[in-house]
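*Asks:* Quick one: the structure is below, and I'll ask about it shortly.
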Amino acid sequence: MTTQVLVVGAGPTGAVLALELAHHDVPCLVVERAVAPPRHPGVDRLTGHAMGVLRRLGPSSLVRRYGTGPAAPEDVEWRTRLDDEPVLVSPQPAGTGADADHRIPAAELTRRLRDELRAHPLIDLREGWTFTGLRVEPDGAVATVLDGQAGVRHSVAARYLVGCDGAQSTVRRCLEVPMESLGRPARHCSVFFRSADPRLPVANGAPVLVVVGGVTSVARGDGDSWVAHLPVAPEEPVGTDPVAMLRARLGAGLDVPEILGVAQWDDALAVAAAYRRGPVFLAGEAAHRFHPAGEHADTSLADAVDLGWKLAAAINGWGGPGLLASYESERRPSALIDREMVARALETRRRFGRLSAAGAAREVLAGVLRQEAHRPDAGALAGYAAVPGRRVRPGGHAPDARLDGGEALEDRFGRELTLVDLTGERAGAPLAAEATRRGIPVTHLPVADESVRIHWDRPLALVRPDRRVAWCADAVPGDWDAVLDLVSGKTT
């Protein structure tokens, strides 16, 4: 078998990567060892950026249909005991618009995304197929894949191979890429359970995150299903009696009529030492592992979209070697930053647990939490949301803006590169013409709407397919070729 791109793993990362490739007319083969999504819900929060990705590729309507939408804010409640009043409640705004934050369990998202893969003519999804090994060739990679149902091994030759096969990635192991951990190894247990116990607060079906001592519980939004993330001692058995574990941590009388799943997480703050070996790449949890309560899907989906359009540009002939090289140089530092943020937010929870156990006064606990809120990297884990900026800068997301008629500016963007031109003189037209001559797909988008000018502080900006700014300027540059070389990866 041969394919342009072999994607190993059909979780949210692999599925979005396949959809991104197909969005740019690149076919791919996706192999997934499981025949059904896992029952354990996994990470479930999609921020506005992730929703924007899914809206561009098509599946955002599925999230809105099967998930918990922007009408449901998520409050974070800090409690010393489950039956006590909260020490502090950190409200998180619900957000507005099509790309507001949403929640959908990863298992449900995976199920719906796989339906999309099966229906797409450019995507060949093989479920029950297990990747077992690879060798790197001068012109690509050759993978060995086992069809578990037929008991047949296949050799798959691919120009590029991407490991999206999760925290225990076989692709990463074949590449002999180590994971670099932050801090001491730690064990965590996630218990997915049903409970209508009135001490577990769910207001109008909206998700609520409750921190009780050092234990985190997240409401799923359907009223009675929860995930509890429990720190576990090295010698403590995991999974033998999850109800007893929940009652020991959350309250002796906690009503737990049903356990839906148990998962163990070890050494959960780690980033791969490399994201690439020749034609083989790592993405999603194959490249970074965070505590399950601390990782929004954004990091993984951003990997998929970043790599997807760059692979497509290389395959379609207009992307230079610098584009694929930039995948690691962009995405790995982002994961390292996320790792630091998660580590610090988890330390906030541990500190809260220690102070609670020591009998600290509620006023002291509330003061500590408010102090944490002022840290610029406290993030959603600590219960405080960041406010997006409006400045146009290379590497940053293109600012959200609405045209005077109410349409989202990004809905006018092209499928590949887009030159947003606010000069009022169509000053970017020569770049679009030069790009066409060189075979680089650039959509020239002159914009005269005053409502956009308020949000964009640069009159010229080239926006990539992943909605990040590749280049911007206050005036027309003297050398358009240099700009095109930069954004197409011909120079670095």
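We name chains A, B, ... following the order of the structure tokens; residues begin at 1 in each chain, and ligands are numbered from 1 as shown.
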Do a neighbour search on Val238 (chain A) at 8 Å with only C-alpha atoms, toss out local chain neighbours closer than 3 positions, and write the hits as a PyMOL selection string.
*Replies:* chain A and resi 189+232+241-242+264
*Asks:* Residues of region 255-346 of chain A that have any atom at most 10 Å from an atom of region 452-473 of chain A: could you tabulate them with the shortest-distance atom pair and the distance in Å to one decimal, using only C-alpha atoms, ordered by chain and increasing number, as a tab-separated table?
*Replies:*
```
residue	atom	partner	partner_atom	distance
A:Ala302	CA	A:Asp466	CA	8.1
A:Ala304	CA	A:Asp466	CA	9.8
A:Val305	CA	A:Asp466	CA	6.2
A:Asp306	CA	A:Asp466	CA	6.3
A:Leu307	CA	A:Asp466	CA	9.6
A:Gly308	CA	A:Asp466	CA	9.2
A:Trp309	CA	A:Pro465	CA	6.7
A:Lys310	CA	A:Pro465	CA	9.2
```
*Asks:* Could you write those residues out with C-alpha atoms, as a PDB file, in the first residue's frame?
*Replies:*
```pdb
ATOM      1  CA  ALA A 302      -3.078  23.170  17.117  1.00  0.00           C
ATOM      2  CA  ALA A 304      -2.683  18.854  13.927  1.00  0.00           C
ATOM      3  CA  VAL A 305      -3.631  22.014  12.062  1.00  0.00           C
ATOM      4  CA  ASP A 306      -0.088  23.439  12.032  1.00  0.00           C
ATOM      5  CA  LEU A 307       1.402  20.233  10.672  1.00  0.00           C
ATOM      6  CA  GLY A 308      -1.513  19.517   8.349  1.00  0.00           C
ATOM      7  CA  TRP A 309      -1.322  22.658   6.250  1.00  0.00           C
ATOM      8  CA  LYS A 310       2.474  22.541   6.156  1.00  0.00           C
TER       9      LYS A 310
END
```
*Asks:* What is the distance, in Å and to one decimal place, between CA of Val31 (chain A) and CA of Leu311 (chain A)?
*Replies:* 18.1 Å
*Asks:* Just the number, please: distance in Å from CA of Ile259 (chain A) to CA of Arg351 (chain A), one decimal.
*Replies:*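 So the two atoms, CA of Ile259 (chain A) and CA of Arg351 (chain A), lie 28.7 Å apart.
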*Asks:* With DSSP run on the backbone, what are the strand (DSSP E or B) residues within region 103-206 of chain A? I'd like them as a VMD selection string.
*Replies:* chain A and resid 103 123 to 127 129 to 137 140 to 147 152 to 163 179 to 181 187 to 194
*Asks:* Those residues with N, CA and C atoms, as a compact mmCIF listing (two decimals), in the first residue's frame please?
*Replies:*
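So out_31.txt came out as:
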```
# COMPACT_ATOMS: atom_id res chain seq x y z
N ARG A 103 -17.80 22.47 25.62
CA ARG A 103 -17.34 21.23 26.24
C ARG A 103 -17.98 20.05 25.54
N ILE A 123 -10.13 10.49 2.60
CA ILE A 123 -9.60 9.89 3.82
C ILE A 123 -9.96 8.41 3.86
N ASP A 124 -8.94 7.58 4.03
CA ASP A 124 -9.13 6.13 4.13
C ASP A 124 -8.89 5.73 5.58
N LEU A 125 -9.96 5.52 6.34
CA LEU A 125 -9.86 5.16 7.75
C LEU A 125 -9.92 3.65 7.90
N ARG A 126 -8.90 3.08 8.54
CA ARG A 126 -8.86 1.64 8.79
C ARG A 126 -8.86 1.41 10.30
N GLU A 127 -10.00 1.03 10.85
CA GLU A 127 -10.11 0.74 12.28
C GLU A 127 -9.77 -0.71 12.54
N TRP A 129 -6.70 -1.58 12.87
CA TRP A 129 -5.36 -1.73 12.28
C TRP A 129 -4.34 -1.14 13.26
N THR A 130 -3.34 -1.92 13.60
CA THR A 130 -2.35 -1.52 14.61
C THR A 130 -0.99 -1.28 13.97
N PHE A 131 -0.46 -0.09 14.18
CA PHE A 131 0.90 0.22 13.74
C PHE A 131 1.88 -0.53 14.63
N THR A 132 2.84 -1.25 14.01
CA THR A 132 3.79 -2.05 14.80
C THR A 132 5.24 -1.67 14.59
N GLY A 133 5.57 -0.97 13.53
CA GLY A 133 6.97 -0.61 13.31
C GLY A 133 7.15 0.20 12.04
N LEU A 134 8.37 0.75 11.88
CA LEU A 134 8.64 1.55 10.69
C LEU A 134 10.13 1.53 10.39
N ARG A 135 10.44 1.85 9.16
CA ARG A 135 11.81 2.15 8.77
C ARG A 135 11.78 3.40 7.89
N VAL A 136 12.79 4.21 8.04
CA VAL A 136 12.88 5.45 7.29
C VAL A 136 13.67 5.22 6.01
N GLU A 137 13.11 5.63 4.89
CA GLU A 137 13.74 5.51 3.58
C GLU A 137 14.14 6.89 3.08
N GLY A 140 10.87 8.73 2.17
CA GLY A 140 9.69 8.62 3.02
C GLY A 140 9.87 7.59 4.11
N ALA A 141 8.78 6.98 4.51
CA ALA A 141 8.80 5.98 5.58
C ALA A 141 7.96 4.78 5.15
N VAL A 142 8.36 3.61 5.61
CA VAL A 142 7.61 2.39 5.36
C VAL A 142 7.18 1.83 6.71
N ALA A 143 5.87 1.70 6.90
CA ALA A 143 5.32 1.25 8.17
C ALA A 143 4.78 -0.17 8.04
N THR A 144 4.86 -0.90 9.13
CA THR A 144 4.21 -2.21 9.22
C THR A 144 2.96 -2.06 10.06
N VAL A 145 1.84 -2.53 9.51
CA VAL A 145 0.54 -2.37 10.15
C VAL A 145 -0.17 -3.71 10.17
N LEU A 146 -0.75 -4.05 11.31
CA LEU A 146 -1.46 -5.32 11.46
C LEU A 146 -2.97 -5.08 11.43
N ASP A 147 -3.63 -5.75 10.49
CA ASP A 147 -5.09 -5.76 10.45
C ASP A 147 -5.56 -6.81 11.46
N VAL A 152 -3.77 -10.03 9.14
CA VAL A 152 -2.85 -9.84 8.02
C VAL A 152 -1.99 -8.61 8.28
N ARG A 153 -0.68 -8.75 8.00
CA ARG A 153 0.24 -7.62 8.12
C ARG A 153 0.37 -6.92 6.76
N HIS A 154 0.40 -5.60 6.81
CA HIS A 154 0.53 -4.81 5.60
C HIS A 154 1.77 -3.92 5.71
N SER A 155 2.40 -3.68 4.58
CA SER A 155 3.49 -2.72 4.49
C SER A 155 2.95 -1.48 3.80
N VAL A 156 3.08 -0.33 4.46
CA VAL A 156 2.54 0.92 3.94
C VAL A 156 3.68 1.89 3.69
N ALA A 157 3.86 2.28 2.43
CA ALA A 157 4.88 3.26 2.07
C ALA A 157 4.23 4.64 2.04
N ALA A 158 4.79 5.58 2.79
CA ALA A 158 4.21 6.92 2.88
C ALA A 158 5.30 7.96 2.68
N ARG A 159 4.93 9.04 2.02
CA ARG A 159 5.88 10.15 1.90
C ARG A 159 6.15 10.76 3.27
N TYR A 160 5.08 10.84 4.09
CA TYR A 160 5.21 11.33 5.46
C TYR A 160 4.38 10.45 6.38
N LEU A 161 4.84 10.31 7.61
CA LEU A 161 4.12 9.54 8.63
C LEU A 161 4.00 10.40 9.87
N VAL A 162 2.81 10.42 10.47
CA VAL A 162 2.58 11.23 11.67
C VAL A 162 2.04 10.35 12.78
N GLY A 163 2.74 10.33 13.91
CA GLY A 163 2.29 9.58 15.07
C GLY A 163 1.35 10.42 15.92
N MET A 179 10.92 11.27 26.38
CA MET A 179 10.08 12.33 26.93
C MET A 179 10.85 13.05 28.03
N GLU A 180 10.77 14.37 28.03
CA GLU A 180 11.44 15.18 29.04
C GLU A 180 10.41 15.66 30.06
N SER A 181 10.57 15.19 31.30
CA SER A 181 9.57 15.44 32.33
C SER A 181 9.94 16.65 33.17
N ARG A 187 1.73 10.18 40.39
CA ARG A 187 0.66 9.29 39.95
C ARG A 187 -0.69 9.97 40.17
N HIS A 188 -1.57 9.78 39.21
CA HIS A 188 -2.91 10.31 39.32
C HIS A 188 -3.88 9.25 38.85
N CYS A 189 -5.06 9.28 39.42
CA CYS A 189 -6.11 8.36 39.01
C CYS A 189 -7.34 9.19 38.65
N SER A 190 -7.91 8.92 37.49
CA SER A 190 -9.14 9.60 37.07
C SER A 190 -10.29 8.60 37.14
N VAL A 191 -11.32 8.97 37.87
CA VAL A 191 -12.49 8.10 38.03
C VAL A 191 -13.70 8.79 37.39
N PHE A 192 -14.28 8.13 36.42
CA PHE A 192 -15.47 8.62 35.74
C PHE A 192 -16.67 7.95 36.39
N PHE A 193 -17.58 8.74 36.96
CA PHE A 193 -18.66 8.15 37.75
C PHE A 193 -19.95 8.94 37.61
N ARG A 194 -21.03 8.30 38.00
CA ARG A 194 -22.33 8.97 38.07
C ARG A 194 -22.68 9.22 39.53
```
*Asks:* Please indicate the distance in Å from CA of Gly52 (chain A) to CA of Ser329 (chain A), rounded to one decimal place.
*Replies:*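 Answer for the CA of Gly52 (chain A) to CA of Ser329 (chain A) separation: 23.2 Å.
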*Asks:* Give me, as a compact mmCIF listing (two decimals) with N, CA and C atoms, in the first residue's frame, all polymer residues having an atom no more than 12 Å from Phe290 (chain A), counting only C-alpha atoms and skipping those fewer than 4 positions away in the same chain.
*Replies:*
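To be explicit, this is the file written out as around34.txt:
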```txt
# COMPACT_ATOMS: atom_id res chain seq x y z
N GLY A 42 -12.00 11.66 28.99
CA GLY A 42 -10.80 12.39 28.62
C GLY A 42 -11.01 13.90 28.64
N VAL A 43 -10.04 14.62 28.05
CA VAL A 43 -10.09 16.08 28.00
C VAL A 43 -11.29 16.51 27.17
N GLY A 166 -1.09 8.82 20.85
CA GLY A 166 -1.29 8.98 22.28
C GLY A 166 -0.06 8.93 23.14
N ALA A 167 -0.31 8.96 24.46
CA ALA A 167 0.77 9.10 25.44
C ALA A 167 1.76 7.95 25.40
N MET A 179 10.92 11.27 26.38
CA MET A 179 10.08 12.33 26.93
C MET A 179 10.85 13.05 28.03
N GLU A 180 10.77 14.37 28.03
CA GLU A 180 11.44 15.18 29.04
C GLU A 180 10.41 15.66 30.06
N SER A 181 10.57 15.19 31.30
CA SER A 181 9.57 15.44 32.33
C SER A 181 9.94 16.65 33.17
N LEU A 182 8.92 17.29 33.71
CA LEU A 182 9.10 18.41 34.62
C LEU A 182 8.73 17.97 36.02
N ALA A 186 4.83 11.59 39.28
CA ALA A 186 3.63 11.62 40.11
C ALA A 186 2.60 10.68 39.52
N ARG A 187 1.73 10.18 40.39
CA ARG A 187 0.66 9.29 39.95
C ARG A 187 -0.69 9.97 40.17
N HIS A 188 -1.57 9.78 39.21
CA HIS A 188 -2.91 10.31 39.32
C HIS A 188 -3.88 9.25 38.85
N TRP A 265 -2.70 7.73 35.47
CA TRP A 265 -1.78 8.61 34.75
C TRP A 265 -0.50 8.71 35.56
N ASP A 266 0.61 8.40 34.93
CA ASP A 266 1.91 8.46 35.59
C ASP A 266 2.79 9.50 34.92
N ASP A 267 3.55 10.23 35.75
CA ASP A 267 4.55 11.16 35.23
C ASP A 267 3.95 12.03 34.13
N ALA A 268 2.88 12.77 34.47
CA ALA A 268 2.00 13.32 33.45
C ALA A 268 2.41 14.66 32.87
N LEU A 269 3.56 15.22 33.24
CA LEU A 269 3.99 16.50 32.69
C LEU A 269 5.28 16.28 31.90
N ALA A 270 5.15 16.02 30.61
CA ALA A 270 6.31 15.66 29.81
C ALA A 270 6.12 16.13 28.37
N VAL A 271 7.24 16.46 27.74
CA VAL A 271 7.26 16.90 26.33
C VAL A 271 8.34 16.12 25.61
N ALA A 272 8.06 15.66 24.41
CA ALA A 272 9.03 14.89 23.64
C ALA A 272 10.27 15.74 23.34
N GLY A 284 0.09 15.85 19.08
CA GLY A 284 -0.84 15.54 20.17
C GLY A 284 -0.14 14.93 21.36
N GLU A 285 -0.81 14.00 22.03
CA GLU A 285 -0.24 13.41 23.24
C GLU A 285 0.94 12.50 22.94
N ALA A 286 1.19 12.16 21.71
CA ALA A 286 2.44 11.48 21.37
C ALA A 286 3.63 12.40 21.56
N GLY A 294 -5.58 19.22 33.17
CA GLY A 294 -4.90 20.45 32.84
C GLY A 294 -4.72 20.72 31.37
N GLU A 295 -5.12 19.81 30.52
CA GLU A 295 -4.86 20.00 29.10
C GLU A 295 -6.14 20.19 28.34
N HIS A 296 -6.36 21.38 27.85
CA HIS A 296 -7.43 21.58 26.90
C HIS A 296 -7.01 20.89 25.60
N ALA A 297 -7.97 20.64 24.75
CA ALA A 297 -7.65 20.00 23.48
C ALA A 297 -6.91 20.94 22.54
N THR A 299 -4.00 22.42 22.51
CA THR A 299 -2.60 22.15 22.21
C THR A 299 -2.48 21.06 21.16
N SER A 300 -3.24 20.00 21.31
CA SER A 300 -3.17 18.89 20.36
C SER A 300 -3.77 19.26 19.01
N ALA A 335 4.33 23.80 23.67
CA ALA A 335 4.06 22.73 24.64
C ALA A 335 4.85 22.93 25.92
N LEU A 336 6.08 23.42 25.81
CA LEU A 336 6.88 23.67 27.01
C LEU A 336 6.24 24.76 27.88
N ILE A 337 5.71 25.78 27.24
CA ILE A 337 5.01 26.83 27.98
C ILE A 337 3.77 26.27 28.66
N ASP A 338 3.01 25.47 27.90
CA ASP A 338 1.81 24.86 28.48
C ASP A 338 2.16 23.97 29.66
N ARG A 339 3.28 23.26 29.54
CA ARG A 339 3.70 22.39 30.64
C ARG A 339 3.97 23.20 31.90
N GLU A 340 4.63 24.33 31.75
CA GLU A 340 4.89 25.20 32.91
C GLU A 340 3.59 25.71 33.52
N MET A 341 2.67 26.11 32.67
CA MET A 341 1.40 26.63 33.18
C MET A 341 0.62 25.57 33.94
N VAL A 342 0.59 24.35 33.38
CA VAL A 342 -0.11 23.26 34.05
C VAL A 342 0.56 22.94 35.38
N ALA A 343 1.90 22.89 35.38
CA ALA A 343 2.63 22.56 36.61
C ALA A 343 2.33 23.58 37.71
N ALA A 345 -0.30 25.59 37.93
CA ALA A 345 -1.70 25.52 38.34
C ALA A 345 -1.95 24.31 39.24
N LEU A 346 -1.32 23.18 38.91
CA LEU A 346 -1.46 22.01 39.77
C LEU A 346 -0.84 22.26 41.15
N LEU A 381 -6.72 26.55 34.47
CA LEU A 381 -6.59 25.52 35.50
C LEU A 381 -6.84 26.09 36.88
```
*Asks:* What's the 7 Å shell around Gly320 (chain A), counting only C-alpha atoms, without same-chain residues fewer than 2 positions away, as a count of residues only?
*Replies:* 7
*Asks:* Which residues come within 9 Å of Asp255 (chain A), counting only C-alpha atoms, excluding same-chain residues fewer than 2 positions away, as a list in words?
*Replies:*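 Near neighbours after the sequence-gap exclusion: Arg194, Ser195, Ala196, Asp197, Arg247, Ala252, Gly253 and Pro257 of chain A.
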*Asks:* Only N, CA and C atoms, please: the residues just picked out, written as a short mmCIF file (atom, residue, chain, number, x, y, z; two decimals), in the first residue's frame.
*Replies:*
```
data_model
loop_
_atom_site.label_atom_id
_atom_site.label_comp_id
_atom_site.auth_asym_id
_atom_site.auth_seq_id
_atom_site.Cartn_x
_atom_site.Cartn_y
_atom_site.Cartn_z
N ARG A 194 -21.03 8.30 38.00
CA ARG A 194 -22.33 8.97 38.07
C ARG A 194 -22.68 9.22 39.53
N SER A 195 -23.21 10.41 39.78
CA SER A 195 -23.66 10.74 41.13
C SER A 195 -24.62 11.92 41.06
N ALA A 196 -25.73 11.78 41.75
CA ALA A 196 -26.68 12.89 41.90
C ALA A 196 -26.61 13.45 43.31
N ASP A 197 -25.52 13.16 44.01
CA ASP A 197 -25.36 13.66 45.38
C ASP A 197 -25.53 15.18 45.38
N ARG A 247 -14.93 8.18 48.08
CA ARG A 247 -15.48 8.54 49.39
C ARG A 247 -14.41 8.98 50.36
N ALA A 252 -17.35 10.68 53.05
CA ALA A 252 -17.68 9.29 53.38
C ALA A 252 -19.06 8.89 52.88
N GLY A 253 -19.98 9.83 52.83
CA GLY A 253 -21.33 9.46 52.43
C GLY A 253 -21.65 9.73 50.99
N PRO A 257 -23.64 5.63 42.57
CA PRO A 257 -24.34 4.43 42.11
C PRO A 257 -23.65 3.69 40.98
#
```
*Asks:* Could you check which of A:Met1, A:Arg33, A:Val420, A:Arg344 is closest to Thr170 (chain A), using only C-alpha atoms?
*Replies:*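 Among the listed residues, the smallest separation from Thr170 (chain A) belongs to A:Arg33.
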*Asks:* Could you find all residues in region 115-279 of chain A that DSSP calls alpha helix (DSSP H) from the backbone, and write them as a list of chain:residue names?
*Replies:*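 Residues meeting the alpha helix (DSSP H) criterion: A:Asp115, A:Glu116, A:Leu117, A:Arg118, A:Ala119, A:Thr170, A:Val171, A:Arg172, A:Arg173, A:Cys174, A:Leu175, A:Pro242, A:Val243, A:Ala244, A:Met245, A:Leu246, A:Arg247, A:Ala248, A:Arg249, A:Leu250.
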